[in-house]
$ cat entry-v7.cif   # mmCIF, C-alpha atoms and all ligand atoms
data_upload
#
loop_
_atom_site.label_atom_id
_atom_site.label_comp_id
_atom_site.auth_asym_id
_atom_site.auth_seq_id
_atom_site.Cartn_x
_atom_site.Cartn_y
_atom_site.Cartn_z
CA MET A 1 38.29 234.36 7.94
CA ASN A 2 39.87 234.92 4.60
CA PHE A 3 42.85 237.27 4.32
CA ARG A 4 44.20 235.86 1.05
CA SER A 5 43.53 239.04 -0.87
CA ASP A 6 41.20 241.98 -1.15
CA ASN A 7 39.69 240.39 -4.24
CA VAL A 8 38.24 237.41 -2.39
CA THR A 9 35.44 239.70 -1.27
CA GLY A 10 32.07 240.30 -2.84
CA ALA A 11 31.05 243.71 -4.13
CA ALA A 12 29.86 246.62 -2.00
CA PRO A 13 26.04 246.76 -1.66
CA GLU A 14 26.02 250.41 -2.80
CA ILE A 15 27.67 249.38 -6.08
CA LEU A 16 25.31 246.47 -6.63
CA ALA A 17 22.34 248.79 -6.02
CA ALA A 18 23.72 251.28 -8.54
CA LEU A 19 24.12 248.48 -11.08
CA MET A 20 20.49 247.48 -10.59
CA ALA A 21 19.37 251.09 -11.05
CA ALA A 22 21.49 251.42 -14.22
CA ASN A 23 19.79 248.33 -15.56
CA GLU A 24 16.55 250.25 -16.13
CA GLY A 25 15.73 251.20 -19.70
CA THR A 26 18.12 251.63 -22.58
CA ALA A 27 21.31 253.67 -22.86
CA ALA A 28 23.75 254.65 -25.58
CA SER A 29 26.48 252.08 -26.08
CA TYR A 30 30.30 252.11 -26.07
CA GLY A 31 30.61 254.87 -23.47
CA ALA A 32 28.33 257.43 -25.08
CA ASP A 33 25.80 257.03 -22.23
CA ALA A 34 24.98 259.63 -19.61
CA ILE A 35 26.68 257.78 -16.74
CA SER A 36 30.00 257.55 -18.60
CA THR A 37 29.79 261.25 -19.43
CA ARG A 38 29.12 262.15 -15.80
CA LEU A 39 32.00 259.94 -14.70
CA LYS A 40 34.56 262.04 -16.52
CA GLN A 41 33.21 265.12 -14.77
CA ARG A 42 33.29 263.37 -11.38
CA PHE A 43 36.91 262.24 -11.80
CA SER A 44 37.86 265.73 -12.94
CA GLU A 45 36.42 267.14 -9.69
CA ILE A 46 38.23 264.57 -7.57
CA PHE A 47 41.57 265.23 -9.26
CA GLU A 48 41.01 269.01 -9.42
CA ARG A 49 41.71 269.21 -13.13
CA GLU A 50 40.24 267.97 -16.35
CA VAL A 51 41.16 264.33 -16.90
CA ALA A 52 40.49 261.71 -19.54
CA VAL A 53 38.90 258.51 -18.21
CA PHE A 54 38.98 255.05 -19.77
CA PRO A 55 37.08 252.42 -17.78
CA VAL A 56 38.34 248.85 -18.23
CA ALA A 57 37.51 245.61 -16.45
CA THR A 58 40.85 244.55 -14.95
CA GLY A 59 43.92 246.08 -13.40
CA THR A 60 46.14 244.21 -15.82
CA ALA A 61 44.36 245.85 -18.75
CA ALA A 62 44.62 249.28 -17.12
CA ASN A 63 48.35 248.89 -16.50
CA ALA A 64 49.26 247.34 -19.83
CA LEU A 65 47.25 249.84 -21.89
CA ALA A 66 48.41 252.88 -19.91
CA ILE A 67 52.03 251.82 -20.22
CA ALA A 68 51.60 251.03 -23.91
CA ALA A 69 50.27 254.55 -24.50
CA VAL A 70 53.59 256.02 -23.40
CA THR A 71 56.12 253.31 -24.25
CA PRO A 72 57.13 252.29 -27.78
CA PRO A 73 58.10 248.69 -28.62
CA TRP A 74 61.77 249.69 -28.27
CA GLY A 75 61.18 251.49 -24.97
CA VAL A 76 62.20 250.68 -21.38
CA VAL A 77 59.78 250.72 -18.42
CA TYR A 78 61.59 251.16 -15.09
CA CYS A 79 59.70 249.38 -12.32
CA HIS A 80 60.16 247.53 -9.03
CA GLY A 81 61.35 243.93 -9.20
CA GLU A 82 58.29 242.81 -7.24
CA SER A 83 55.82 244.98 -9.13
CA HIS A 84 52.58 243.49 -10.41
CA ILE A 85 53.53 244.42 -13.99
CA GLN A 86 56.80 242.54 -13.64
CA VAL A 87 55.63 239.50 -11.68
CA ASP A 88 51.89 239.01 -12.08
CA GLU A 89 50.66 240.11 -15.50
CA CYS A 90 51.80 237.26 -17.70
CA GLY A 91 53.76 239.62 -19.95
CA ALA A 92 50.74 241.82 -20.72
CA PRO A 93 52.75 245.09 -20.61
CA GLU A 94 55.31 243.56 -22.98
CA PHE A 95 52.50 242.28 -25.22
CA PHE A 96 50.50 245.50 -25.37
CA THR A 97 53.57 247.69 -25.88
CA GLY A 98 54.61 245.40 -28.71
CA GLY A 99 57.72 244.21 -26.93
CA ALA A 100 59.00 246.96 -24.63
CA LYS A 101 61.56 246.01 -22.00
CA LEU A 102 60.62 246.01 -18.32
CA MET A 103 63.64 246.95 -16.22
CA PRO A 104 63.07 245.55 -12.71
CA LEU A 105 64.82 247.39 -9.87
CA GLU A 106 65.53 245.88 -6.48
CA CYS A 107 64.73 248.55 -3.90
CA ALA A 108 63.69 248.41 -0.25
CA ASP A 109 60.09 248.32 0.95
CA GLY A 110 58.57 247.96 -2.52
CA LYS A 111 59.49 251.52 -3.51
CA ILE A 112 61.81 252.48 -6.33
CA THR A 113 64.02 255.52 -5.88
CA PRO A 114 65.33 258.10 -8.37
CA ALA A 115 68.87 256.91 -7.63
CA ALA A 116 67.97 253.32 -8.56
CA VAL A 117 66.44 254.48 -11.84
CA GLU A 118 69.37 256.74 -12.62
CA ALA A 119 71.85 253.94 -11.98
CA VAL A 120 70.49 251.99 -14.98
CA LEU A 121 69.21 254.83 -17.14
CA VAL A 122 71.02 254.92 -20.45
CA GLU A 123 71.39 257.96 -22.67
CA PRO A 124 68.69 258.03 -25.34
CA GLY A 125 69.64 257.90 -28.99
CA ILE A 126 72.06 254.98 -28.91
CA VAL A 127 70.62 252.63 -31.48
CA HIS A 128 71.85 249.51 -29.70
CA SER A 129 69.98 250.22 -26.45
CA ALA A 130 66.29 249.99 -25.70
CA GLN A 131 65.19 253.60 -25.22
CA PRO A 132 64.20 255.04 -21.82
CA ALA A 133 60.45 255.65 -22.01
CA SER A 134 58.58 255.36 -18.71
CA ILE A 135 58.67 254.72 -14.98
CA SER A 136 55.89 252.70 -13.37
CA ILE A 137 55.28 252.73 -9.61
CA SER A 138 52.60 251.00 -7.53
CA GLN A 139 50.61 252.92 -4.94
CA VAL A 140 50.02 251.01 -2.55
CA THR A 141 53.23 249.06 -3.30
CA GLU A 142 53.44 245.29 -3.47
CA ALA A 143 55.08 245.42 -0.01
CA GLY A 144 52.03 247.15 1.45
CA THR A 145 53.89 250.43 1.85
CA VAL A 146 52.96 253.81 0.41
CA TYR A 147 54.99 256.40 -1.45
CA THR A 148 54.77 259.84 0.16
CA PRO A 149 53.92 262.78 -2.12
CA ASP A 150 57.56 263.88 -1.87
CA GLU A 151 58.85 260.48 -2.94
CA ILE A 152 56.53 260.53 -5.94
CA ALA A 153 57.52 264.09 -6.75
CA ALA A 154 61.20 263.12 -6.74
CA LEU A 155 60.46 260.41 -9.32
CA GLY A 156 58.25 262.87 -11.20
CA ALA A 157 61.08 265.40 -11.37
CA LEU A 158 63.49 262.76 -12.66
CA ALA A 159 60.93 261.63 -15.25
CA LYS A 160 60.45 265.19 -16.44
CA ARG A 161 64.18 265.88 -16.56
CA ARG A 162 64.86 262.76 -18.60
CA GLY A 163 61.77 262.92 -20.83
CA LEU A 164 60.10 259.82 -19.33
CA ALA A 165 56.41 259.26 -18.61
CA LEU A 166 55.40 258.42 -15.03
CA HIS A 167 52.70 255.78 -14.60
CA MET A 168 51.11 254.77 -11.31
CA ASP A 169 49.52 251.37 -10.73
CA GLY A 170 46.80 252.42 -8.31
CA ALA A 171 45.09 249.07 -7.81
CA ARG A 172 44.89 250.16 -4.14
CA PHE A 173 44.97 253.91 -4.74
CA ALA A 174 42.12 254.58 -2.27
CA ASN A 175 44.03 252.81 0.50
CA ALA A 176 47.01 255.07 -0.16
CA VAL A 177 44.90 258.23 -0.22
CA VAL A 178 43.44 257.52 3.22
CA ALA A 179 46.73 256.21 4.63
CA LEU A 180 48.48 259.45 3.70
CA ASN A 181 45.50 261.74 4.23
CA ALA A 182 46.62 263.42 1.03
CA SER A 183 44.61 264.74 -1.88
CA PRO A 184 44.35 262.56 -5.00
CA ALA A 185 45.87 265.47 -6.95
CA ASP A 186 48.91 265.72 -4.64
CA LEU A 187 49.55 262.01 -5.01
CA THR A 188 49.36 262.08 -8.78
CA TRP A 189 49.64 264.88 -11.34
CA ARG A 190 50.93 267.53 -8.94
CA ALA A 191 53.79 265.11 -8.20
CA GLY A 192 54.37 264.46 -11.89
CA VAL A 193 52.24 261.36 -12.53
CA ASP A 194 51.03 261.31 -16.14
CA LEU A 195 48.75 258.27 -16.08
CA LEU A 196 47.05 256.38 -13.26
CA SER A 197 45.51 252.92 -13.21
CA PHE A 198 42.72 253.75 -10.77
CA GLY A 199 41.61 250.61 -8.98
CA ALA A 200 38.13 249.89 -7.67
CA THR A 201 37.65 246.12 -7.83
CA LYS A 202 39.70 245.38 -4.70
CA ASN A 203 37.83 247.98 -2.70
CA GLY A 204 34.19 247.27 -3.53
CA ALA A 205 33.54 247.17 -7.27
CA LEU A 206 32.44 244.04 -9.08
CA ALA A 207 34.97 244.48 -11.89
CA ALA A 208 35.91 248.04 -12.80
CA GLU A 209 39.10 250.04 -13.00
CA ALA A 210 39.87 253.22 -14.92
CA ILE A 211 42.87 254.57 -16.76
CA ILE A 212 43.09 258.24 -15.80
CA VAL A 213 45.18 260.44 -18.08
CA PHE A 214 46.27 263.75 -16.57
CA ASP A 215 48.46 265.07 -19.33
CA PRO A 216 46.62 265.39 -22.67
CA ALA A 217 49.98 264.96 -24.41
CA ARG A 218 50.13 261.44 -22.99
CA LEU A 219 46.71 260.43 -24.31
CA GLY A 220 48.26 258.87 -27.37
CA ASP A 221 45.98 256.44 -29.11
CA LEU A 222 44.51 254.98 -25.92
CA ALA A 223 40.97 254.94 -27.30
CA TYR A 224 42.06 252.64 -30.12
CA ARG A 225 44.28 250.57 -27.87
CA ARG A 226 41.40 249.93 -25.45
CA LYS A 227 39.08 248.89 -28.27
CA ARG A 228 41.72 246.63 -29.79
CA ALA A 229 42.32 245.02 -26.39
CA GLY A 230 38.62 244.22 -26.09
CA HIS A 231 37.93 246.58 -23.19
CA LEU A 232 35.60 249.02 -24.94
CA PHE A 233 32.49 247.47 -23.42
CA SER A 234 29.38 247.84 -25.53
CA LYS A 235 27.32 248.20 -22.33
CA MET A 236 29.88 250.58 -20.87
CA ARG A 237 27.32 252.06 -18.51
CA PHE A 238 27.77 249.01 -16.30
CA LEU A 239 31.48 249.66 -15.85
CA SER A 240 30.96 253.39 -15.47
CA VAL A 241 28.19 253.05 -12.92
CA GLN A 242 30.38 250.90 -10.69
CA LEU A 243 32.99 253.65 -10.67
CA GLU A 244 30.38 256.36 -10.18
CA ALA A 245 28.89 254.56 -7.19
CA TYR A 246 32.38 253.87 -5.88
CA LEU A 247 33.10 257.61 -5.80
CA GLU A 248 29.62 258.67 -4.68
CA GLY A 249 29.56 260.14 -1.19
CA GLY A 250 33.16 259.07 -0.59
CA LEU A 251 32.39 255.33 -0.58
CA TRP A 252 35.86 254.60 -1.98
CA LEU A 253 37.54 256.39 0.93
CA ARG A 254 35.20 254.94 3.57
CA ASN A 255 35.83 251.41 2.33
CA ALA A 256 39.58 251.93 2.19
CA ARG A 257 39.66 253.49 5.65
CA HIS A 258 37.94 250.43 7.06
CA ALA A 259 40.31 248.05 5.28
CA ASN A 260 43.35 249.97 6.54
CA ARG A 261 42.02 250.02 10.12
CA MET A 262 41.43 246.29 10.03
CA ALA A 263 44.98 245.75 8.78
CA ALA A 264 46.43 247.91 11.55
CA ARG A 265 44.42 245.95 14.13
CA LEU A 266 45.42 242.57 12.72
CA ALA A 267 49.07 243.60 12.35
CA GLU A 268 49.26 244.87 15.89
CA GLY A 269 47.76 241.69 17.28
CA LEU A 270 49.88 239.33 15.20
CA ALA A 271 53.08 241.29 15.77
CA ALA A 272 52.61 240.83 19.50
CA THR A 273 52.72 237.04 19.04
CA ARG A 274 55.92 235.49 20.38
CA GLY A 275 58.48 235.08 17.57
CA ALA A 276 56.58 237.30 15.11
CA LYS A 277 58.36 239.79 12.87
CA LEU A 278 56.75 242.26 10.53
CA LEU A 279 58.63 242.29 7.23
CA TYR A 280 57.51 245.75 6.12
CA PRO A 281 55.80 248.65 7.83
CA VAL A 282 52.03 248.13 7.64
CA GLN A 283 50.80 251.35 6.04
CA ALA A 284 47.64 250.34 4.20
CA ASN A 285 45.70 247.06 4.01
CA GLU A 286 48.44 244.47 3.49
CA ILE A 287 50.49 242.70 6.15
CA PHE A 288 53.71 240.83 5.51
CA ILE A 289 54.82 238.95 8.58
CA ALA A 290 57.07 236.07 9.60
CA LEU A 291 55.50 233.77 12.19
CA PRO A 292 56.72 230.61 13.90
CA GLU A 293 55.68 227.47 12.01
CA ALA A 294 53.52 226.31 14.94
CA VAL A 295 51.51 229.52 14.78
CA ILE A 296 51.08 229.20 11.02
CA ALA A 297 49.93 225.61 11.47
CA ALA A 298 47.38 226.69 14.08
CA LEU A 299 46.03 229.38 11.75
CA GLU A 300 45.83 226.91 8.88
CA ALA A 301 44.11 224.31 11.02
CA ALA A 302 41.51 226.90 12.00
CA GLY A 303 40.85 227.64 8.33
CA VAL A 304 42.28 231.16 8.31
CA GLY A 305 43.07 232.11 4.71
CA PHE A 306 46.40 233.76 3.77
CA TYR A 307 49.24 233.27 1.33
CA ARG A 308 52.64 231.98 2.25
CA TRP A 309 55.13 234.51 0.94
CA GLY A 310 58.81 234.48 0.09
CA ALA A 311 60.99 231.41 0.00
CA PRO A 312 59.47 228.08 1.07
CA GLY A 313 60.08 227.33 4.73
CA GLU A 314 60.71 230.97 5.54
CA GLY A 315 57.54 231.28 7.58
CA SER A 316 56.51 234.50 5.84
CA LEU A 317 52.87 235.25 5.16
CA ARG A 318 50.82 237.87 3.38
CA LEU A 319 47.46 238.81 4.86
CA VAL A 320 45.19 241.37 3.23
CA THR A 321 42.13 243.08 4.68
CA ALA A 322 39.29 244.62 2.73
CA PHE A 323 36.25 246.87 2.94
CA SER A 324 34.17 243.96 4.21
CA THR A 325 36.63 242.51 6.75
CA ARG A 326 34.91 241.97 10.09
CA ALA A 327 36.58 243.10 13.31
CA GLU A 328 35.48 239.88 15.04
CA ASP A 329 37.31 237.84 12.40
CA VAL A 330 40.43 239.91 12.95
CA ASP A 331 40.21 239.38 16.70
CA ALA A 332 39.52 235.66 16.33
CA THR A 333 42.59 235.32 14.10
CA ILE A 334 44.75 237.10 16.63
CA ALA A 335 43.41 234.84 19.38
CA ILE A 336 44.27 231.71 17.35
CA ALA A 337 47.79 233.01 16.66
CA ARG A 338 48.35 233.71 20.32
CA GLY A 339 46.97 230.34 21.32
CA THR A 340 44.24 231.96 23.35
CA ALA A 341 41.32 231.01 21.12
CA ARG A 342 38.57 229.06 22.79
C1 LIG B 1 49.48 245.97 -7.42
C2 LIG B 1 48.42 245.40 -8.31
N1 LIG B 1 48.23 245.93 -9.53
C3 LIG B 1 47.26 245.49 -10.35
C4 LIG B 1 46.42 244.47 -9.98
C5 LIG B 1 45.29 244.12 -10.90
O1 LIG B 1 45.20 242.88 -11.35
P1 LIG B 1 43.95 242.21 -12.08
O2 LIG B 1 44.30 242.19 -13.52
O3 LIG B 1 43.89 240.87 -11.47
O4 LIG B 1 42.72 243.04 -11.85
C6 LIG B 1 46.62 243.83 -8.75
C7 LIG B 1 45.79 242.66 -8.36
O5 LIG B 1 46.22 241.73 -7.74
C8 LIG B 1 47.64 244.32 -7.89
O6 LIG B 1 47.84 243.77 -6.68
#

$ encode --input "entry-v7.cif" --output "structure tokens"
Amino acid sequence: MNFRSDNVTGAAPEILAALMAANEGTAASYGADAISTRLKQRFSEIFEREVAVFPVATGTAANALAIAAVTPPWGVVYCHGESHIQVDECGAPEFFTGGAKLMPLECADGKITPAAVEAVLVEPGIVHSAQPASISISQVTEAGTVYTPDEIAALGALAKRRGLALHMDGARFANAVVALNASPADLTWRAGVDLLSFGATKNGALAAEAIIVFDPARLGDLAYRRKRAGHLFSKMRFLSVQLEAYLEGGLWLRNARHANRMAARLAEGLAATRGAKLLYPVQANEIFIALPEAVIAALEAAGVGFYRWGAPGEGSLRLVTAFSTRAEDVDATIAIARGTAR
């Protein structure tokens, strides 16, 4: 029973099978293979427009390279104070942009608002200030919530008005798509998103993410940036085939739907424990909850995996479900928390 993260899982069998099949014979290198070519077509169908696709191996690379494509060294990236780019990427966005400034915003429920951006947005052209360049949002957010299409569109409109690029960290994009029952296009370019870090690793891939560029004007020199960052894999077919299998037959949505259902089930059960308090609405596959110390101790003693969250002694936890989470493990965890486990 391990709810530490959605990357403690293995890979989906369908993706492993596709990798084995792609292992047959030889293929052109550095993304010139047939699978990589098909992948661009497949993503273009899913997003209902022609897109550029850059597979990479980690979410950090996807974020840092996408942001670097639209942010000069003297630029500002407006983001949430708890965002992965701000808290968990060891300065990679700053490194790959050549020193751009991340401007963390403290907003409720993991979601930045146009008003919060506008409050700190400076006029461009003043030589003393870092120059407004981009907004980066996470979908699903680091609080486990999701931006609605309207909320994204409001940020998209602001970005357009002020000449900023809008980037989306979609490490859990599939979970957001199924949570909102919205089209990938409505959640991205139709709402003004220019670049998306499309996640797959957390939801069934072995190690594969893709930078999706919707606006050709935002393509910049991404091809060179990816090569320079060491993410132009010579055997690119193995990254591309993971993404192809992930999309095939809606596997990405099926996996995410399961993860979200397991989170809803776990959240409902834990929230009914005496003294429990959900810290954020549970909208996808992450649960943030405060529990009495005795309950936490019981869960720990039973070997249930989770992270303690927030300030020490606060009793706040993060639990994450995944495509492979078993309902019986969810139910057993709830039973332990309620003290009814046998
Ligand atoms: C919101 C978010 N973005 C991006 C990532 C990707 O990180 P990694 O570089 O570990 O693949 C993660 C993983 O934890 C994440 O939670």

$ residues_near_ligand --input "entry-v7.cif" --ligand "ligand LIG 1 (chain B)" --cutoff "8 Å" --atoms "only C-alpha atoms and all ligand atoms" --output "ChimeraX atom specification"
/A:5,7,57-63,83-85,88-89,138-142,169-172,199,201-202,207,209

$ closest_residue --input "entry-v7.cif" --among "A:Arg218, A:Arg42, A:Arg326, A:Arg190" --to "Ala165 (chain A)" --atoms "only C-alpha atoms"
A:Arg218

$ residues_around --input "entry-v7.cif" --residues "region 108-124 of chain A" --least-positions-apart "6" --cutoff "10 Å" --atoms "all atoms listed in the file" --output "PyMOL selection string"
chain A and resi 75-76+78-83+130-133+135-147+151-159+162-163+279-281

$ atom_distance --input "entry-v7.cif" --atom1 "CA of Val8 (chain A)" --atom2 "CA of Ile67 (chain A)"
26.8 Å

$ residues_around --input "entry-v7.cif" --residues "Ile211 (chain A)" --least-positions-apart "2" --cutoff "8 Å" --atoms "only C-alpha atoms" --output "compact mmCIF listing (two decimals) with C-alpha atoms, in the coordinates of the input"
# COMPACT_ATOMS: atom_id res chain seq x y z
CA VAL A 53 38.90 258.51 -18.21
CA PHE A 54 38.98 255.05 -19.77
CA PRO A 55 37.08 252.42 -17.78
CA VAL A 56 38.34 248.85 -18.23
CA ALA A 62 44.62 249.28 -17.12
CA ASN A 63 48.35 248.89 -16.50
CA ALA A 66 48.41 252.88 -19.91
CA LEU A 195 48.75 258.27 -16.08
CA LEU A 196 47.05 256.38 -13.26
CA SER A 197 45.51 252.92 -13.21
CA PHE A 198 42.72 253.75 -10.77
CA GLU A 209 39.10 250.04 -13.00
CA VAL A 213 45.18 260.44 -18.08

$ atom_distance --input "entry-v7.cif" --atom1 "CA of Gly303 (chain A)" --atom2 "CA of Leu278 (chain A)"
21.7 Å

$ closest_residue --input "entry-v7.cif" --among "A:Val320, A:Glu314, A:Thr97, A:Leu232" --to "Ala267 (chain A)" --atoms "all atoms listed in the file"
A:Val320

$ atom_distance --input "entry-v7.cif" --atom1 "CA of Asn255 (chain A)" --atom2 "CA of Ser324 (chain A)"
7.9 Å

$ residues_around --input "entry-v7.cif" --residues "Pro216 (chain A)" --least-positions-apart "3" --cutoff "10 Å" --atoms "all atoms listed in the file" --output "list of chain:residue names"
A:Glu50, A:Val51, A:Ala52, A:Asp194, A:Leu195, A:Val213, A:Leu219, A:Gly220

$ closest_residue --input "entry-v7.cif" --among "A:Leu239, A:Leu270, A:Ala200, A:Ala302" --to "Asp6 (chain A)" --atoms "all atoms listed in the file"
A:Ala200

$ closest_residue --input "entry-v7.cif" --among "A:Asn260, A:Thr333, A:Thr188, A:Thr325" --to "Ile296 (chain A)" --atoms "only C-alpha atoms"
A:Thr333

$ closest_atom_pairs --input "entry-v7.cif" --of "region 91-155 of chain A" --to "region 224-228 of chain A" --cutoff "12 Å" --atoms "all atoms listed in the file" --output "JSON lines"
{"residue": "A:Phe95", "atom": "CA", "partner": "A:Arg225", "partner_atom": "CA", "distance": 12.0}
{"residue": "A:Phe96", "atom": "CA", "partner": "A:Arg225", "partner_atom": "CA", "distance": 8.4}
{"residue": "A:Thr97", "atom": "CA", "partner": "A:Arg225", "partner_atom": "CA", "distance": 9.9}
{"residue": "A:Gly98", "atom": "CA", "partner": "A:Arg225", "partner_atom": "CA", "distance": 11.6}

$ residues_near_point --input "entry-v7.cif" --point "(38.5, 230.4, 6.7)" --cutoff "12 Å" --atoms "only C-alpha atoms" --output "count of residues only"
17

$ axis_aligned_box --input "entry-v7.cif" --around "region 266-283 of chain A" --padding-each-side "6 Å" --output "lines of an AutoDock Vina configuration file"
center_x = 52.0
center_y = 243.2
center_z = 13.2
size_x = 25.2
size_y = 28.3
size_z = 26.3

$ closest_residue --input "entry-v7.cif" --among "A:Asn203, A:Gln242, A:Ser29, A:Ser183" --to "Leu16 (chain A)" --atoms "all atoms listed in the file"
A:Gln242

$ residues_around --input "entry-v7.cif" --residues "Val295 (chain A)" --least-positions-apart "3" --cutoff "6 Å" --atoms "only C-alpha atoms" --output "compact mmCIF listing (two decimals) with C-alpha atoms, in the frame of the given file"
# COMPACT_ATOMS: atom_id res chain seq x y z
CA PRO A 292 56.72 230.61 13.90
CA ALA A 298 47.38 226.69 14.08
CA ALA A 337 47.79 233.01 16.66

$ build_atoms --input "entry-v7.cif" --residues "region 252-267 of chain A" --atoms "N, CA, C and O atoms" --output "PDB file, in the frame of the given file"
ATOM      1  N   TRP A 252      34.518 255.154  -1.751  1.00  0.00           N
ATOM      2  CA  TRP A 252      35.860 254.600  -1.980  1.00  0.00           C
ATOM      3  C   TRP A 252      36.784 254.849  -0.784  1.00  0.00           C
ATOM      4  O   TRP A 252      37.544 253.972  -0.381  1.00  0.00           O
ATOM      5  N   LEU A 253      36.656 256.052  -0.193  1.00  0.00           N
ATOM      6  CA  LEU A 253      37.540 256.390   0.930  1.00  0.00           C
ATOM      7  C   LEU A 253      37.070 255.703   2.215  1.00  0.00           C
ATOM      8  O   LEU A 253      37.881 255.229   3.013  1.00  0.00           O
ATOM      9  N   ARG A 254      35.757 255.627   2.378  1.00  0.00           N
ATOM     10  CA  ARG A 254      35.200 254.940   3.570  1.00  0.00           C
ATOM     11  C   ARG A 254      35.624 253.476   3.563  1.00  0.00           C
ATOM     12  O   ARG A 254      36.079 252.943   4.569  1.00  0.00           O
ATOM     13  N   ASN A 255      35.455 252.831   2.431  1.00  0.00           N
ATOM     14  CA  ASN A 255      35.830 251.410   2.330  1.00  0.00           C
ATOM     15  C   ASN A 255      37.312 251.205   2.608  1.00  0.00           C
ATOM     16  O   ASN A 255      37.709 250.285   3.322  1.00  0.00           O
ATOM     17  N   ALA A 256      38.126 252.065   2.026  1.00  0.00           N
ATOM     18  CA  ALA A 256      39.580 251.930   2.190  1.00  0.00           C
ATOM     19  C   ALA A 256      39.986 252.196   3.638  1.00  0.00           C
ATOM     20  O   ALA A 256      40.862 251.515   4.189  1.00  0.00           O
ATOM     21  N   ARG A 257      39.336 253.168   4.252  1.00  0.00           N
ATOM     22  CA  ARG A 257      39.660 253.490   5.650  1.00  0.00           C
ATOM     23  C   ARG A 257      39.391 252.274   6.531  1.00  0.00           C
ATOM     24  O   ARG A 257      40.190 251.920   7.393  1.00  0.00           O
ATOM     25  N   HIS A 258      38.268 251.625   6.276  1.00  0.00           N
ATOM     26  CA  HIS A 258      37.940 250.430   7.060  1.00  0.00           C
ATOM     27  C   HIS A 258      38.981 249.342   6.831  1.00  0.00           C
ATOM     28  O   HIS A 258      39.473 248.731   7.792  1.00  0.00           O
ATOM     29  N   ALA A 259      39.317 249.098   5.593  1.00  0.00           N
ATOM     30  CA  ALA A 259      40.310 248.050   5.280  1.00  0.00           C
ATOM     31  C   ALA A 259      41.632 248.348   5.979  1.00  0.00           C
ATOM     32  O   ALA A 259      42.258 247.457   6.579  1.00  0.00           O
ATOM     33  N   ASN A 260      42.065 249.599   5.915  1.00  0.00           N
ATOM     34  CA  ASN A 260      43.350 249.970   6.540  1.00  0.00           C
ATOM     35  C   ASN A 260      43.285 249.796   8.062  1.00  0.00           C
ATOM     36  O   ASN A 260      44.243 249.330   8.684  1.00  0.00           O
ATOM     37  N   ARG A 261      42.147 250.171   8.649  1.00  0.00           N
ATOM     38  CA  ARG A 261      42.020 250.020  10.120  1.00  0.00           C
ATOM     39  C   ARG A 261      42.079 248.557  10.520  1.00  0.00           C
ATOM     40  O   ARG A 261      42.698 248.189  11.514  1.00  0.00           O
ATOM     41  N   MET A 262      41.421 247.725   9.715  1.00  0.00           N
ATOM     42  CA  MET A 262      41.430 246.290  10.030  1.00  0.00           C
ATOM     43  C   MET A 262      42.842 245.724   9.912  1.00  0.00           C
ATOM     44  O   MET A 262      43.257 244.880  10.702  1.00  0.00           O
ATOM     45  N   ALA A 263      43.593 246.223   8.938  1.00  0.00           N
ATOM     46  CA  ALA A 263      44.980 245.750   8.780  1.00  0.00           C
ATOM     47  C   ALA A 263      45.829 246.180   9.964  1.00  0.00           C
ATOM     48  O   ALA A 263      46.637 245.395  10.482  1.00  0.00           O
ATOM     49  N   ALA A 264      45.636 247.411  10.406  1.00  0.00           N
ATOM     50  CA  ALA A 264      46.430 247.910  11.550  1.00  0.00           C
ATOM     51  C   ALA A 264      46.114 247.064  12.790  1.00  0.00           C
ATOM     52  O   ALA A 264      47.023 246.680  13.537  1.00  0.00           O
ATOM     53  N   ARG A 265      44.842 246.737  12.960  1.00  0.00           N
ATOM     54  CA  ARG A 265      44.420 245.950  14.130  1.00  0.00           C
ATOM     55  C   ARG A 265      44.996 244.534  14.067  1.00  0.00           C
ATOM     56  O   ARG A 265      45.522 244.017  15.050  1.00  0.00           O
ATOM     57  N   LEU A 266      44.915 243.936  12.893  1.00  0.00           N
ATOM     58  CA  LEU A 266      45.420 242.570  12.720  1.00  0.00           C
ATOM     59  C   LEU A 266      46.952 242.550  12.866  1.00  0.00           C
ATOM     60  O   LEU A 266      47.517 241.664  13.514  1.00  0.00           O
ATOM     61  N   ALA A 267      47.599 243.544  12.287  1.00  0.00           N
ATOM     62  CA  ALA A 267      49.070 243.600  12.350  1.00  0.00           C
ATOM     63  C   ALA A 267      49.536 243.771  13.790  1.00  0.00           C
ATOM     64  O   ALA A 267      50.471 243.097  14.238  1.00  0.00           O
TER      65      ALA A 267
END
